[in-house]
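One file, model-v1.pdb, is given below (PDB, C-alpha atoms).
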ATOM      1  CA  MET A   1      12.972 -13.823  -1.316
ATOM      2  CA  ALA A   2      13.002 -12.116  -4.689
ATOM      3  CA  GLU A   3       9.562 -11.675  -6.189
ATOM      4  CA  ARG A   4       9.055 -11.106  -9.842
ATOM      5  CA  PRO A   5       6.687  -8.277 -10.764
ATOM      6  CA  GLU A   6       4.405 -10.814 -12.413
ATOM      7  CA  ASP A   7       3.936 -12.690  -9.146
ATOM      8  CA  LEU A   8       2.747  -9.705  -7.221
ATOM      9  CA  ASN A   9      -0.832  -8.669  -7.688
ATOM     10  CA  LEU A  10      -2.990  -6.782  -5.306
ATOM     11  CA  PRO A  11      -5.662  -8.846  -3.549
ATOM     12  CA  ASN A  12      -8.630  -9.422  -5.837
ATOM     13  CA  ALA A  13     -11.211  -8.992  -3.125
ATOM     14  CA  VAL A  14      -9.903  -5.555  -2.218
ATOM     15  CA  ILE A  15      -9.765  -4.464  -5.847
ATOM     16  CA  THR A  16     -13.333  -5.667  -6.336
ATOM     17  CA  ARG A  17     -14.500  -3.771  -3.307
ATOM     18  CA  ILE A  18     -12.862  -0.550  -4.422
ATOM     19  CA  ILE A  19     -14.463  -0.890  -7.859
ATOM     20  CA  LYS A  20     -17.900  -1.669  -6.467
ATOM     21  CA  GLU A  21     -17.815   1.294  -4.126
ATOM     22  CA  ALA A  22     -16.836   3.582  -6.979
ATOM     23  CA  LEU A  23     -19.650   2.489  -9.266
ATOM     24  CA  PRO A  24     -23.388   2.935  -8.823
ATOM     25  CA  ASP A  25     -25.560   0.095  -7.557
ATOM     26  CA  GLY A  26     -26.703  -2.379 -10.136
ATOM     27  CA  VAL A  27     -23.537  -2.182 -12.175
ATOM     28  CA  ASN A  28     -21.553  -5.393 -12.573
ATOM     29  CA  VAL A  29     -17.994  -5.976 -13.516
ATOM     30  CA  SER A  30     -16.880  -8.880 -15.658
ATOM     31  CA  LYS A  31     -14.057 -11.066 -14.481
ATOM     32  CA  GLU A  32     -11.892  -9.973 -17.391
ATOM     33  CA  ALA A  33     -12.470  -6.308 -16.657
ATOM     34  CA  ARG A  34     -11.629  -6.846 -13.013
ATOM     35  CA  ARG A  35      -8.458  -8.686 -13.878
ATOM     36  CA  ALA A  36      -7.454  -5.920 -16.262
ATOM     37  CA  ILE A  37      -8.063  -3.271 -13.626
ATOM     38  CA  SER A  38      -5.976  -5.239 -11.156
ATOM     39  CA  GLN A  39      -3.143  -5.437 -13.663
ATOM     40  CA  ALA A  40      -3.488  -1.753 -14.431
ATOM     41  CA  ALA A  41      -3.236  -0.996 -10.730
ATOM     42  CA  SER A  42       0.039  -2.906 -10.492
ATOM     43  CA  VAL A  43       1.383  -1.050 -13.498
ATOM     44  CA  PHE A  44       0.317   2.173 -11.859
ATOM     45  CA  VAL A  45       2.297   1.334  -8.724
ATOM     46  CA  LEU A  46       5.394   0.581 -10.761
ATOM     47  CA  TYR A  47       5.086   3.668 -12.896
ATOM     48  CA  ALA A  48       4.448   5.927  -9.900
ATOM     49  CA  THR A  49       7.369   4.391  -8.064
ATOM     50  CA  SER A  50       9.711   4.896 -10.963
ATOM     51  CA  CYS A  51       8.570   8.475 -11.391
ATOM     52  CA  ALA A  52       8.901   9.234  -7.696
ATOM     53  CA  ASN A  53      12.304   7.637  -7.616
ATOM     54  CA  ASN A  54      13.498  10.022 -10.303
ATOM     55  CA  PHE A  55      12.695  12.915  -8.015
ATOM     56  CA  ALA A  56      14.531  11.297  -5.151
ATOM     57  CA  MET A  57      17.573  10.646  -7.310
ATOM     58  CA  LYS A  58      17.553  14.234  -8.549
ATOM     59  CA  ALA A  59      17.686  15.365  -4.940
ATOM     60  CA  LYS A  60      20.533  12.874  -4.373
ATOM     61  CA  ARG A  61      18.500  10.935  -1.852
ATOM     62  CA  LYS A  62      18.392   7.198  -1.600
ATOM     63  CA  THR A  63      15.118   7.061   0.227
ATOM     64  CA  LEU A  64      11.836   7.677  -1.530
ATOM     65  CA  ASN A  65       9.673  10.012   0.494
ATOM     66  CA  ALA A  66       6.136  11.301   0.441
ATOM     67  CA  ALA A  67       7.038  14.493  -1.404
ATOM     68  CA  ASP A  68       8.598  12.461  -4.206
ATOM     69  CA  VAL A  69       5.382  10.542  -4.663
ATOM     70  CA  LEU A  70       3.272  13.697  -4.719
ATOM     71  CA  ALA A  71       5.615  15.218  -7.268
ATOM     72  CA  ALA A  72       5.259  12.053  -9.324
ATOM     73  CA  MET A  73       1.470  12.341  -9.288
ATOM     74  CA  GLU A  74       1.723  15.798 -10.761
ATOM     75  CA  GLU A  75       4.180  14.595 -13.361
ATOM     76  CA  MET A  76       1.856  11.766 -14.313
ATOM     77  CA  GLU A  77      -0.987  14.254 -14.726
ATOM     78  CA  PHE A  78      -2.940  13.000 -11.747
ATOM     79  CA  GLU A  79      -3.192  16.396 -10.074
ATOM     80  CA  ARG A  80      -6.727  15.557  -9.027
ATOM     81  CA  PHE A  81      -5.206  13.079  -6.570
ATOM     82  CA  LEU A  82      -3.032  15.627  -4.795
ATOM     83  CA  GLU A  83      -5.659  17.086  -2.482
ATOM     84  CA  PRO A  84      -7.103  13.790  -1.188
ATOM     85  CA  LEU A  85      -3.606  12.336  -0.909
ATOM     86  CA  ARG A  86      -2.380  15.209   1.223
ATOM     87  CA  GLU A  87      -5.364  14.869   3.507
ATOM     88  CA  ALA A  88      -4.914  11.142   3.863
ATOM     89  CA  LEU A  89      -1.234  11.645   4.585
ATOM     90  CA  GLU A  90      -2.025  13.981   7.487
ATOM     91  CA  VAL A  91      -4.302  11.439   9.075
ATOM     92  CA  TYR A  92      -1.752   8.708   8.498
ATOM     93  CA  LYS A  93       1.048  10.720  10.088
ATOM     94  CA  LYS A  94      -1.024  11.354  13.173
ATOM     95  CA  GLY A  95      -1.766   7.670  13.457
ATOM     96  CA  GLN A  96       1.903   6.823  13.120
ATOM     97  CA  LYS A  97       2.841   9.318  15.804
ATOM     98  CA  GLY A  98       0.393   7.725  18.206
ATOM     99  CA  LYS A  99       1.847   4.294  17.538
ATOM    100  CA  LYS A 100       5.378   5.464  18.043
ATOM    101  CA  GLU A 101       4.502   6.956  21.393
ATOM    102  CA  VAL A 102       2.863   3.727  22.451
ATOM    103  CA  SER A 103       5.797   1.559  21.510
ATOM    104  CA  GLU A 104       8.218   3.950  23.189
ATOM    105  CA  GLN A 105       6.113   3.880  26.322
ATOM    106  CA  LYS A 106       6.069   0.128  26.210
ATOM    107  CA  ARG A 107       9.811   0.091  25.878
ATOM    108  CA  LYS A 108      10.145   2.301  28.934
ATOM    109  CA  ASP A 109       7.882   0.007  30.885
ATOM    110  CA  LYS A 110      10.036  -2.904  29.879
ATOM    111  CA  GLU A 111      13.132  -1.111  31.058
ATOM    112  CA  LYS A 112      11.597  -0.746  34.478
ATOM    113  CA  LYS A 113      10.693  -4.404  34.737
ATOM    114  CA  THR A 114      13.684  -6.139  33.239
ATOM    115  CA  ASP A 115      16.828  -4.874  34.899
ATOM    116  CA  SER A 116      20.544  -5.446  34.440
ATOM    117  CA  GLU A 117      19.938  -9.168  34.187
ATOM    118  CA  ASN A 118      18.270  -8.834  30.805
ATOM    119  CA  ASP A 119      20.430  -6.055  29.480
ATOM    120  CA  LYS A 120      21.441  -7.791  26.293
ATOM    121  CA  SER A 121      18.022  -9.028  25.290
ATOM    122  CA  ARG A 122      16.604  -5.576  25.894
ATOM    123  CA  GLU A 123      19.069  -4.027  23.509
ATOM    124  CA  GLU A 124      18.129  -6.521  20.869
ATOM    125  CA  GLU A 125      14.470  -5.789  21.365
ATOM    126  CA  GLU A 126      15.074  -2.068  21.149
ATOM    127  CA  GLU A 127      16.783  -2.506  17.843
ATOM    128  CA  GLU A 128      14.026  -4.753  16.676
ATOM    129  CA  GLU A 129      11.372  -2.241  17.648
ATOM    130  CA  GLU A 130      13.220   0.534  15.900
ATOM    131  CA  GLU A 131      13.401  -1.626  12.826
ATOM    132  CA  GLU A 132       9.694  -2.160  13.005
ATOM    133  CA  GLU A 133       9.020   1.538  13.344
ATOM    134  CA  ARG A 134      10.982   2.248  10.243
ATOM    135  CA  MET A 135       9.574  -0.646   8.355
ATOM    136  CA  GLU A 136       5.961  -1.609   8.006
ATOM    137  CA  GLU A 137       3.803  -2.174  11.043
ATOM    138  CA  GLU A 138       2.727  -5.420   9.457
ATOM    139  CA  PRO A 139       5.294  -8.115  10.121
ATOM    140  CA  GLU A 140       6.924  -9.245   6.940
ATOM    141  CA  ALA A 141       8.980 -12.223   5.985
ATOM    142  CA  GLU A 142      12.154 -10.137   5.931
ATOM    143  CA  ASN A 143      12.253  -9.398   9.628
ATOM    144  CA  ASP A 144      15.778 -10.507  10.258
ATOM    145  CA  GLY A 145      17.189  -7.057  10.791
ATOM    146  CA  GLU A 146      17.191  -6.312   7.098
ATOM    147  CA  GLU A 147      16.206  -2.800   6.068
ATOM    148  CA  GLU A 148      14.198  -1.841   3.068
ATOM    149  CA  GLU A 149      17.086  -2.334   0.753
ATOM    150  CA  VAL A 150      16.639  -4.238  -2.397
ATOM    151  CA  GLU A 151      19.135  -6.985  -2.899
ATOM    152  CA  ASN A 152      20.219  -6.844  -6.466
TER     153      ASN A 152
ATOM    154  CA  MET B   1       6.444  -8.546  17.226
ATOM    155  CA  ALA B   2       5.762  -7.267  20.734
ATOM    156  CA  ALA B   3       5.432  -3.717  19.473
ATOM    157  CA  THR B   4       2.611  -4.517  17.124
ATOM    158  CA  VAL B   5       0.626  -6.304  19.815
ATOM    159  CA  ALA B   6       0.755  -3.257  22.020
ATOM    160  CA  THR B   7      -0.866  -0.895  19.544
ATOM    161  CA  ALA B   8      -4.243  -0.999  21.231
ATOM    162  CA  VAL B   9      -4.411   2.781  21.106
ATOM    163  CA  THR B  10      -6.283   2.652  17.838
ATOM    164  CA  PRO B  11      -9.927   1.794  18.439
ATOM    165  CA  THR B  12     -11.016  -1.595  17.240
ATOM    166  CA  GLU B  13     -13.517  -1.336  14.449
ATOM    167  CA  PRO B  14     -15.127  -4.002  12.349
ATOM    168  CA  GLU B  15     -13.022  -4.259   9.236
ATOM    169  CA  PRO B  16     -14.713  -6.387   6.632
ATOM    170  CA  ASP B  17     -12.300  -5.057   4.013
ATOM    171  CA  ARG B  18      -9.353  -6.330   5.926
ATOM    172  CA  CYS B  19     -10.874  -9.723   6.570
ATOM    173  CA  VAL B  20     -11.789 -10.228   2.949
ATOM    174  CA  SER B  21      -8.401  -9.214   1.701
ATOM    175  CA  GLU B  22      -6.725 -11.533   4.143
ATOM    176  CA  GLU B  23      -8.896 -14.400   3.033
ATOM    177  CA  GLU B  24      -8.020 -13.671  -0.544
ATOM    178  CA  SER B  25      -4.308 -13.503  -0.069
ATOM    179  CA  ARG B  26      -4.064 -16.287   2.454
ATOM    180  CA  GLY B  27      -3.242 -18.743  -0.296
ATOM    181  CA  ALA B  28      -0.704 -16.464  -1.884
ATOM    182  CA  GLU B  29       1.063 -15.082   1.147
ATOM    183  CA  ALA B  30      -0.061 -17.179   4.059
ATOM    184  CA  GLU B  31       3.131 -16.428   5.951
ATOM    185  CA  GLU B  32       2.633 -12.709   5.997
ATOM    186  CA  GLU B  33      -1.087 -12.542   6.508
ATOM    187  CA  SER B  34      -1.398 -15.257   9.140
ATOM    188  CA  THR B  35       1.041 -13.452  11.403
ATOM    189  CA  GLN B  36      -1.210 -10.446  11.183
ATOM    190  CA  GLN B  37      -4.126 -12.591  12.207
ATOM    191  CA  GLN B  38      -2.257 -13.725  15.276
ATOM    192  CA  THR B  39      -1.371 -10.252  16.447
ATOM    193  CA  GLY B  40      -5.032  -9.362  16.341
ATOM    194  CA  PRO B  41      -7.092  -6.888  14.358
ATOM    195  CA  ALA B  42      -6.077  -3.936  16.533
ATOM    196  CA  ALA B  43      -2.573  -3.869  15.130
ATOM    197  CA  THR B  44      -3.703  -3.626  11.544
ATOM    198  CA  VAL B  45      -6.809  -1.490  11.947
ATOM    199  CA  SER B  46      -5.237   1.928  11.673
ATOM    200  CA  HIS B  47      -3.631   1.053   8.367
ATOM    201  CA  SER B  48      -6.655  -0.509   6.810
ATOM    202  CA  ARG B  49      -8.847   2.342   7.931
ATOM    203  CA  LEU B  50      -6.849   4.672   5.689
ATOM    204  CA  SER B  51      -5.694   2.348   2.990
ATOM    205  CA  LYS B  52      -7.615  -0.632   1.747
ATOM    206  CA  LEU B  53      -4.652  -2.040  -0.107
ATOM    207  CA  PRO B  54      -2.077  -3.948   1.929
ATOM    208  CA  LEU B  55       1.023  -1.800   2.363
ATOM    209  CA  ALA B  56       3.337  -4.788   2.495
ATOM    210  CA  ARG B  57       2.232  -5.913  -0.933
ATOM    211  CA  ILE B  58       2.577  -2.401  -2.338
ATOM    212  CA  LYS B  59       6.061  -2.158  -0.933
ATOM    213  CA  ALA B  60       7.015  -5.531  -2.374
ATOM    214  CA  LEU B  61       5.860  -4.309  -5.774
ATOM    215  CA  MET B  62       7.854  -1.114  -5.422
ATOM    216  CA  LYS B  63      10.965  -3.037  -4.576
ATOM    217  CA  THR B  64      10.901  -4.972  -7.822
ATOM    218  CA  ASP B  65      12.281  -1.782  -9.364
ATOM    219  CA  PRO B  66      16.056  -2.217  -9.313
ATOM    220  CA  ASP B  67      16.631   1.533  -9.001
ATOM    221  CA  VAL B  68      14.654   1.775  -5.793
ATOM    222  CA  SER B  69      16.666   1.187  -2.647
ATOM    223  CA  LEU B  70      14.713   2.570   0.275
ATOM    224  CA  ALA B  71      11.188   3.845   0.620
ATOM    225  CA  SER B  72       9.740   5.634   3.603
ATOM    226  CA  GLN B  73       6.577   4.251   5.175
ATOM    227  CA  GLU B  74       4.774   7.411   4.172
ATOM    228  CA  SER B  75       5.711   7.043   0.558
ATOM    229  CA  VAL B  76       4.419   3.473   0.508
ATOM    230  CA  PHE B  77       1.195   4.645   2.071
ATOM    231  CA  ILE B  78       0.681   7.437  -0.455
ATOM    232  CA  ILE B  79       1.274   5.128  -3.358
ATOM    233  CA  ALA B  80      -1.245   2.701  -1.903
ATOM    234  CA  LYS B  81      -3.777   5.483  -1.516
ATOM    235  CA  ALA B  82      -3.068   6.835  -4.981
ATOM    236  CA  THR B  83      -3.581   3.371  -6.431
ATOM    237  CA  GLU B  84      -6.949   3.208  -4.748
ATOM    238  CA  LEU B  85      -7.906   6.536  -6.327
ATOM    239  CA  PHE B  86      -6.618   5.311  -9.655
ATOM    240  CA  ILE B  87      -8.793   2.197  -9.514
ATOM    241  CA  GLU B  88     -11.843   4.295  -8.720
ATOM    242  CA  MET B  89     -11.037   6.632 -11.572
ATOM    243  CA  ILE B  90     -10.494   3.999 -14.221
ATOM    244  CA  ALA B  91     -13.608   2.106 -13.172
ATOM    245  CA  LYS B  92     -15.751   5.223 -13.452
ATOM    246  CA  ASP B  93     -14.235   6.311 -16.747
ATOM    247  CA  SER B  94     -14.710   2.871 -18.225
ATOM    248  CA  LEU B  95     -18.308   2.771 -17.114
ATOM    249  CA  VAL B  96     -19.088   5.585 -19.521
ATOM    250  CA  TYR B  97     -18.321   3.271 -22.414
ATOM    251  CA  ALA B  98     -20.425   0.461 -20.994
ATOM    252  CA  GLN B  99     -23.326   2.849 -20.673
ATOM    253  CA  GLN B 100     -22.829   4.003 -24.241
ATOM    254  CA  GLY B 101     -23.199   0.373 -25.222
ATOM    255  CA  LYS B 102     -26.348   0.231 -23.071
ATOM    256  CA  ARG B 103     -24.767  -2.320 -20.792
ATOM    257  CA  LYS B 104     -24.773  -2.588 -17.049
ATOM    258  CA  THR B 105     -21.758  -4.805 -16.948
ATOM    259  CA  LEU B 106     -18.304  -3.357 -17.270
ATOM    260  CA  GLN B 107     -16.292  -5.335 -19.780
ATOM    261  CA  ARG B 108     -12.685  -5.506 -20.815
ATOM    262  CA  LYS B 109     -13.350  -3.532 -24.001
ATOM    263  CA  ASP B 110     -14.661  -0.634 -21.915
ATOM    264  CA  LEU B 111     -11.306  -0.557 -20.164
ATOM    265  CA  ASP B 112      -9.501  -0.573 -23.483
ATOM    266  CA  ASN B 113     -11.616   2.284 -24.765
ATOM    267  CA  ALA B 114     -10.961   4.365 -21.685
ATOM    268  CA  ILE B 115      -7.226   3.740 -21.888
ATOM    269  CA  GLU B 116      -7.136   4.794 -25.486
ATOM    270  CA  ALA B 117      -9.251   7.894 -25.005
ATOM    271  CA  ILE B 118      -7.934   9.320 -21.766
ATOM    272  CA  ASP B 119      -4.509  10.962 -21.618
ATOM    273  CA  GLU B 120      -3.763  10.055 -18.043
ATOM    274  CA  PHE B 121      -4.103   6.366 -18.935
ATOM    275  CA  ALA B 122      -1.678   6.507 -21.812
ATOM    276  CA  PHE B 123       1.003   4.818 -19.715
ATOM    277  CA  LEU B 124      -1.151   1.699 -19.665
ATOM    278  CA  GLU B 125      -1.121   1.196 -23.393
ATOM    279  CA  GLY B 126       0.451  -2.117 -24.289
ATOM    280  CA  THR B 127       0.893  -3.171 -20.679
ATOM    281  CA  LEU B 128      -2.206  -5.279 -20.115
ATOM    282  CA  ASP B 129      -2.599  -8.868 -21.273
TER     283      ASP B 129
END
Can you present the structure in this file as C-alpha cells?
Amino acid sequence: MAERPEDLNLPNAVITRIIKEALPDGVNVSKEARRAISQAASVFVLYATSCANNFAMKAKRKTLNAADVLAAMEEMEFERFLEPLREALEVYKKGQKGKKEVSEQKRKDKEKKTDSENDKSREEEEEEEEEEERMEEEPEAENDGEEEEVEN
Amino acid sequence: MAATVATAVTPTEPEPDRCVSEEESRGAEAEEESTQQQTGPAATVSHSRLSKLPLARIKALMKTDPDVSLASQESVFIIAKATELFIEMIAKDSLVYAQQGKRKTLQRKDLDNAIEAIDEFAFLEGTLD
C-alpha cells in the first residue's frame, strides 16, 4: 500500500488544536495559514527523518533510533527541542515497558489455559504479539507479519 | 489484536484530542482508525497522552523516504513530539508578524515572513504551495 508523500498529511483537527494551545486566547488562524502549517509540519517530518537517517547510516545501522533523531534535531538547529524531547522520551519508555510486561503476562496466562492442543496457534500468536511490540501499538493495515521495511 | 485489548494498565482518561483526530481522519484512513475505535480508548490512551499526533501517520510519512528501511518505535515517537514542538514554534513566531500588522488573525503571509526571517525555518523555503 504505497502512499505518496502528497497523500499523507497530519490530521487537521490535531494541528489546529496544537496551534490554538500555543497561541493566546482571542487569536484566530486563517484556513490558509493552518494549511500551510500542516504542510510545513509534514516537510519537517521528512527533513528530520532524512537527517536522522544519515546518522544511522554513518553508524552502519539500518534501524533509525531515538539517538539519531536527537542528533538530527541538533543538526537542524532545533537544540531548544532537545530537553523536552528527552523528557518525553523517558515517560514514553516507561509506558512502553509497562505495556510489554502486560502483554507478556497475558501470554503466560494464555500458555496456562491453552495446552498442547493449541500449540500451533499459540506460536502464531506469540509471533504476532512480538510483531506488535516491535511495531506500533496501533493496528495498521500492514499487519500481515511484515516488518517496518519499506518496499521499494 | 489481543495484545492491544489487554493494555488496561494505563488509566483511562478523557481524550478529546484523540476523538477529534479520529473523526478528522476517519474519511482518510477509516481502516486504521476504526480498528482503534473497536479496541477501545484504553489501548490508545498512553500514546495520545504523550503525543497528540498519530504515530502511525508519522511512521507512514517517514517511510516515504526510500533510504529509510526500519525505524524504532521510539524514533517515531520523538519525531512526532518534535513535530508538535515545531508547530507550536512556527505558530508563535508567525504571530509576531500578525501583531505587527495589528491583526488578531494569523495569515499565510505571516508564515511566509517567519520562514524568511528565521534561520531554523530555512528548510521550508520553496516547499509550501
Atomic separation - atom CA of A:Glu104 relative to atom CA of A:Asp68, Å | 28.7 Å
Find the residues around B:Ile58 up to 9 Å (all atoms listed in the file counted), leave out those fewer than 2 positions away in its own chain, and share them as an mmCIF file with C-alpha atoms, in the coordinates of the input.
data_model
loop_
_atom_site.group_PDB
_atom_site.id
_atom_site.type_symbol
_atom_site.label_atom_id
_atom_site.label_comp_id
_atom_site.auth_asym_id
_atom_site.auth_seq_id
_atom_site.Cartn_x
_atom_site.Cartn_y
_atom_site.Cartn_z
ATOM 1 C CA LEU A 8 2.747 -9.705 -7.221
ATOM 2 C CA ASN A 9 -0.832 -8.669 -7.688
ATOM 3 C CA LEU A 10 -2.990 -6.782 -5.306
ATOM 4 C CA SER A 42 0.039 -2.906 -10.492
ATOM 5 C CA VAL A 45 2.297 1.334 -8.724
ATOM 6 C CA LEU B 53 -4.652 -2.040 -0.107
ATOM 7 C CA PRO B 54 -2.077 -3.948 1.929
ATOM 8 C CA LEU B 55 1.023 -1.800 2.363
ATOM 9 C CA ALA B 56 3.337 -4.788 2.495
ATOM 10 C CA ALA B 60 7.015 -5.531 -2.374
ATOM 11 C CA LEU B 61 5.860 -4.309 -5.774
ATOM 12 C CA MET B 62 7.854 -1.114 -5.422
ATOM 13 C CA LYS B 63 10.965 -3.037 -4.576
ATOM 14 C CA VAL B 76 4.419 3.473 0.508
ATOM 15 C CA PHE B 77 1.195 4.645 2.071
ATOM 16 C CA ILE B 79 1.274 5.128 -3.358
ATOM 17 C CA ALA B 80 -1.245 2.701 -1.903
#
For chain A versus chain B, which residues have an atom no more than 6 Å away, and what is each residue's nearest atom pair and distance in Å rounded to one decimal, using all atoms listed in the file, chain-then-number order, as a Markdown table?
| residue | atom | partner | partner_atom | distance |
| --- | --- | --- | --- | --- |
| A:Pro11 | CA | B:Ser21 | CA | 5.9 |
| A:Ala13 | CA | B:Ser21 | CA | 5.6 |
| A:Val14 | CA | B:Ser21 | CA | 5.6 |
| A:Ile19 | CA | B:Glu88 | CA | 5.9 |
| A:Ala22 | CA | B:Glu88 | CA | 5.3 |
| A:Val27 | CA | B:Lys104 | CA | 5.0 |
| A:Asn28 | CA | B:Thr105 | CA | 4.4 |
| A:Val29 | CA | B:Leu106 | CA | 4.6 |
| A:Ser30 | CA | B:Gln107 | CA | 5.5 |
| A:Glu32 | CA | B:Arg108 | CA | 5.7 |
| A:Ala33 | CA | B:Arg108 | CA | 4.2 |
| A:Thr63 | CA | B:Leu70 | CA | 4.5 |
| A:Leu64 | CA | B:Ala71 | CA | 4.4 |
| A:Asn65 | CA | B:Ser75 | CA | 5.0 |
| A:Ala66 | CA | B:Ser75 | CA | 4.3 |
| A:Ser103 | CA | B:Ala3 | CA | 5.7 |
| A:Glu140 | CA | B:Glu32 | CA | 5.6 |
| A:Glu148 | CA | B:Leu70 | CA | 5.2 |
| A:Glu149 | CA | B:Ser69 | CA | 4.9 |
| A:Val150 | CA | B:Ser69 | CA | 5.4 |
So how many Å separate atom CA of A:Ala71 and atom CA of A:Phe55, to one decimal?
->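 Separating atom CA of A:Ala71 from atom CA of A:Phe55 is a distance of 7.5 Å.
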Quick one: pull the distance between atom CA of A:Lys113 and atom CA of A:Gly98, Å, one decimal.
->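 Computing it gives 22.9 Å between the two atoms.
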If we count all atoms listed in the file, what is near A:Leu85 at a cut-off of 8 Å, once residues fewer than 2 positions away on the same chain are taken out, given as a PyMOL selection string?
-> (chain A and resi 70+81-83+87-89) or (chain B and resi 78+81-82)
Kindly compute an axis-aligned box around the listed atoms of stretch 103-110 of chain B, allowing 3 Å on each side, and express its centre and edge lengths in Å to one decimal as JSON.
{"center_x": -18.7, "center_y": -3.1, "center_z": -20.5, "size_x": 18.1, "size_y": 10.9, "size_z": 13.1}
